[in-house]
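Report on the structure given below.
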Amino acid sequence: MNNTAKMIITLGFIGIIAGGALSFVNSWATPLIAANQKAETERAIFLVQPDASSYEKMTTVKFEAYKVFDKEKNFIGYSLPYEGNGFQGKIRLMVGLKPDLNTILAMEVLDQIETPGLGTKILEEPFKGQFNKLNTSSPIEWVKGAPPTKDNEIQAITGATISSKAVVAIINNGIEALRKAEAKEGSSL
């Protein structure tokens with residue numbers, strides 16, 4: 001047997017072993033990853049709805065959304081996870097909304113792969129804090145290089161305007177989808 005055949009057999013054997021090991025690790029890790037994602041989502045539901053004590057997943061919508069309730073089981077608003085494209089990939093957010101969908105209570109970033117040091121500022125204050133009590137009766141807008149002047153504006157992050165605009169677009173799209181779903185559900189009753 002020549003050297004080429006020996007190398008092909010050896011590399012094939014190593015490839016089979018490595019593929020099997022990767023398959024085993026994937027089958028072991030997948031349920032753990034899903035459990036961690038579920039726990040992170042639950043944690044975020046209560047972060048964006050601080051007065052909530054329970055929630056239920058909405059089954060009448062084609063996307064993930066939750067109705068949240070206080071200790072007396074009164075409906076107090078929505079927790080809306082929604083995602084869209086950022087500068088470098090998907091950004092997934094959790095937004096807490098009042099029942100009328102006209103005010104954001106808080107916003108949390110669940111997942112992102114934005115540029116470290118620039119785009120990742122969407123995870124930090126003061127950017128996140130701008131969404132607290134933000135009016136959403138009309139679409140959220142962003143301004144660059146100046147403080148917001150309207151109750152539905154946020155200031156974009158200098159050097160990370162695309163990431164800032166992406167967060168605004170994701171929230172606007174999510175709220176619009178939830179409004180349409182709730183209007184459709186209300187009209188079918």
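How things are named: the first chain in the structure tokens is A, the next is B, and so on; residues count from 1 in each chain; ligands count from 1 in the order shown.
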* Asked: Running DSSP on the backbone, which parts of range 28-87 of chain A land in helix (DSSP H, G or I), as a ChimeraX atom specification?
  -> /A:28-48
With N, CA and C atoms kept, could you save the residues just selected as a PDB file, in the first residue's frame?
ATOM      1  N   TRP A  28     -25.994  15.630  23.248  1.00  0.00           N
ATOM      2  CA  TRP A  28     -25.933  15.854  24.689  1.00  0.00           C
ATOM      3  C   TRP A  28     -26.218  17.319  25.020  1.00  0.00           C
ATOM      4  N   ALA A  29     -25.695  18.254  24.206  1.00  0.00           N
ATOM      5  CA  ALA A  29     -25.780  19.680  24.529  1.00  0.00           C
ATOM      6  C   ALA A  29     -27.105  20.321  24.114  1.00  0.00           C
ATOM      7  N   THR A  30     -27.770  19.805  23.097  1.00  0.00           N
ATOM      8  CA  THR A  30     -28.983  20.444  22.580  1.00  0.00           C
ATOM      9  C   THR A  30     -30.056  20.644  23.651  1.00  0.00           C
ATOM     10  N   PRO A  31     -30.396  19.634  24.463  1.00  0.00           N
ATOM     11  CA  PRO A  31     -31.410  19.880  25.499  1.00  0.00           C
ATOM     12  C   PRO A  31     -30.944  20.881  26.563  1.00  0.00           C
ATOM     13  N   LEU A  32     -29.652  20.884  26.869  1.00  0.00           N
ATOM     14  CA  LEU A  32     -29.133  21.848  27.846  1.00  0.00           C
ATOM     15  C   LEU A  32     -29.220  23.275  27.307  1.00  0.00           C
ATOM     16  N   ILE A  33     -28.913  23.444  26.034  1.00  0.00           N
ATOM     17  CA  ILE A  33     -29.004  24.758  25.405  1.00  0.00           C
ATOM     18  C   ILE A  33     -30.458  25.235  25.413  1.00  0.00           C
ATOM     19  N   ALA A  34     -31.385  24.357  25.062  1.00  0.00           N
ATOM     20  CA  ALA A  34     -32.806  24.715  25.050  1.00  0.00           C
ATOM     21  C   ALA A  34     -33.288  25.097  26.452  1.00  0.00           C
ATOM     22  N   ALA A  35     -32.861  24.358  27.466  1.00  0.00           N
ATOM     23  CA  ALA A  35     -33.255  24.667  28.843  1.00  0.00           C
ATOM     24  C   ALA A  35     -32.687  26.015  29.286  1.00  0.00           C
ATOM     25  N   ASN A  36     -31.444  26.304  28.915  1.00  0.00           N
ATOM     26  CA  ASN A  36     -30.843  27.592  29.262  1.00  0.00           C
ATOM     27  C   ASN A  36     -31.550  28.743  28.545  1.00  0.00           C
ATOM     28  N   GLN A  37     -31.920  28.546  27.284  1.00  0.00           N
ATOM     29  CA  GLN A  37     -32.639  29.586  26.548  1.00  0.00           C
ATOM     30  C   GLN A  37     -34.003  29.840  27.181  1.00  0.00           C
ATOM     31  N   LYS A  38     -34.681  28.778  27.606  1.00  0.00           N
ATOM     32  CA  LYS A  38     -35.985  28.936  28.255  1.00  0.00           C
ATOM     33  C   LYS A  38     -35.840  29.692  29.577  1.00  0.00           C
ATOM     34  N   ALA A  39     -34.812  29.353  30.351  1.00  0.00           N
ATOM     35  CA  ALA A  39     -34.578  30.044  31.623  1.00  0.00           C
ATOM     36  C   ALA A  39     -34.232  31.511  31.395  1.00  0.00           C
ATOM     37  N   GLU A  40     -33.455  31.809  30.374  1.00  0.00           N
ATOM     38  CA  GLU A  40     -33.103  33.192  30.060  1.00  0.00           C
ATOM     39  C   GLU A  40     -34.334  33.983  29.613  1.00  0.00           C
ATOM     40  N   THR A  41     -35.190  33.348  28.827  1.00  0.00           N
ATOM     41  CA  THR A  41     -36.422  34.005  28.401  1.00  0.00           C
ATOM     42  C   THR A  41     -37.306  34.311  29.606  1.00  0.00           C
ATOM     43  N   GLU A  42     -37.453  33.352  30.504  1.00  0.00           N
ATOM     44  CA  GLU A  42     -38.274  33.568  31.698  1.00  0.00           C
ATOM     45  C   GLU A  42     -37.701  34.680  32.570  1.00  0.00           C
ATOM     46  N   ARG A  43     -36.389  34.691  32.727  1.00  0.00           N
ATOM     47  CA  ARG A  43     -35.743  35.745  33.516  1.00  0.00           C
ATOM     48  C   ARG A  43     -36.037  37.108  32.886  1.00  0.00           C
ATOM     49  N   ALA A  44     -35.940  37.186  31.566  1.00  0.00           N
ATOM     50  CA  ALA A  44     -36.157  38.449  30.861  1.00  0.00           C
ATOM     51  C   ALA A  44     -37.617  38.901  30.938  1.00  0.00           C
ATOM     52  N   ILE A  45     -38.558  37.955  30.946  1.00  0.00           N
ATOM     53  CA  ILE A  45     -39.983  38.315  31.073  1.00  0.00           C
ATOM     54  C   ILE A  45     -40.185  39.132  32.342  1.00  0.00           C
ATOM     55  N   PHE A  46     -39.588  38.687  33.435  1.00  0.00           N
ATOM     56  CA  PHE A  46     -39.770  39.374  34.706  1.00  0.00           C
ATOM     57  C   PHE A  46     -38.895  40.623  34.818  1.00  0.00           C
ATOM     58  N   LEU A  47     -37.802  40.707  34.054  1.00  0.00           N
ATOM     59  CA  LEU A  47     -36.997  41.928  34.050  1.00  0.00           C
ATOM     60  C   LEU A  47     -37.737  43.076  33.366  1.00  0.00           C
ATOM     61  N   VAL A  48     -38.414  42.779  32.261  1.00  0.00           N
ATOM     62  CA  VAL A  48     -39.109  43.842  31.523  1.00  0.00           C
ATOM     63  C   VAL A  48     -40.509  44.107  32.068  1.00  0.00           C
TER      64      VAL A  48
END
Open item on the list: Which residues are near range 149-152 of chain A? Cut-off 12 Å, only C-alpha atoms, ignore same chain within fewer than 3 positions. Put them as a ChimeraX atom specification.
Closed with: /A:102-104,130-144,146,155,168,171-172
**Message:** Run DSSP on the backbone and tell me which residues of range 37-140 of chain A come out as strand (DSSP E); list them as an MDAnalysis selection string.
**Reply:** chainID A and resid 54:57 66:69 75:85 90:97 103:111 134:135
One residue among A:Thr115, A:Ser79, A:Asn74, A:Asn85 is nearest to Lys165 in chain A when using only C-alpha atoms, and that residue is A:Asn85
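Across the structure, CA of Gly84 in chain A and CA of Ala166 in chain A are spaced 7.3 Å apart.
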message = For Asp111 in chain A, find every residue with an atom within 12 Å (counting only C-alpha atoms), except residues of its own chain fewer than 4 positions away, and show them as a VMD selection string.
response = chain A and resid 37 40 to 41 44 81 to 86 89 to 94 120 122 to 123 167
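The residue that comes closest to Lys184 in chain A, out of A:Val61, A:Lys67, A:Ile162, A:Pro147 and on the basis of only C-alpha atoms, is A:Val61.
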Among A:Ser27, A:Leu101, A:Lys6, A:Lys73, Ala181 in chain A is approached most closely, using only C-alpha atoms, by A:Leu101
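Across the structure, CA of Glu124 in chain A and CA of Asp100 in chain A are spaced 27.2 Å apart.
The shortest atom-to-atom distance to Glu125 in chain A, with only C-alpha atoms taken into account, belongs to A:Ile157 out of A:Gly77, A:Leu97, A:Ile157, A:Ala52.
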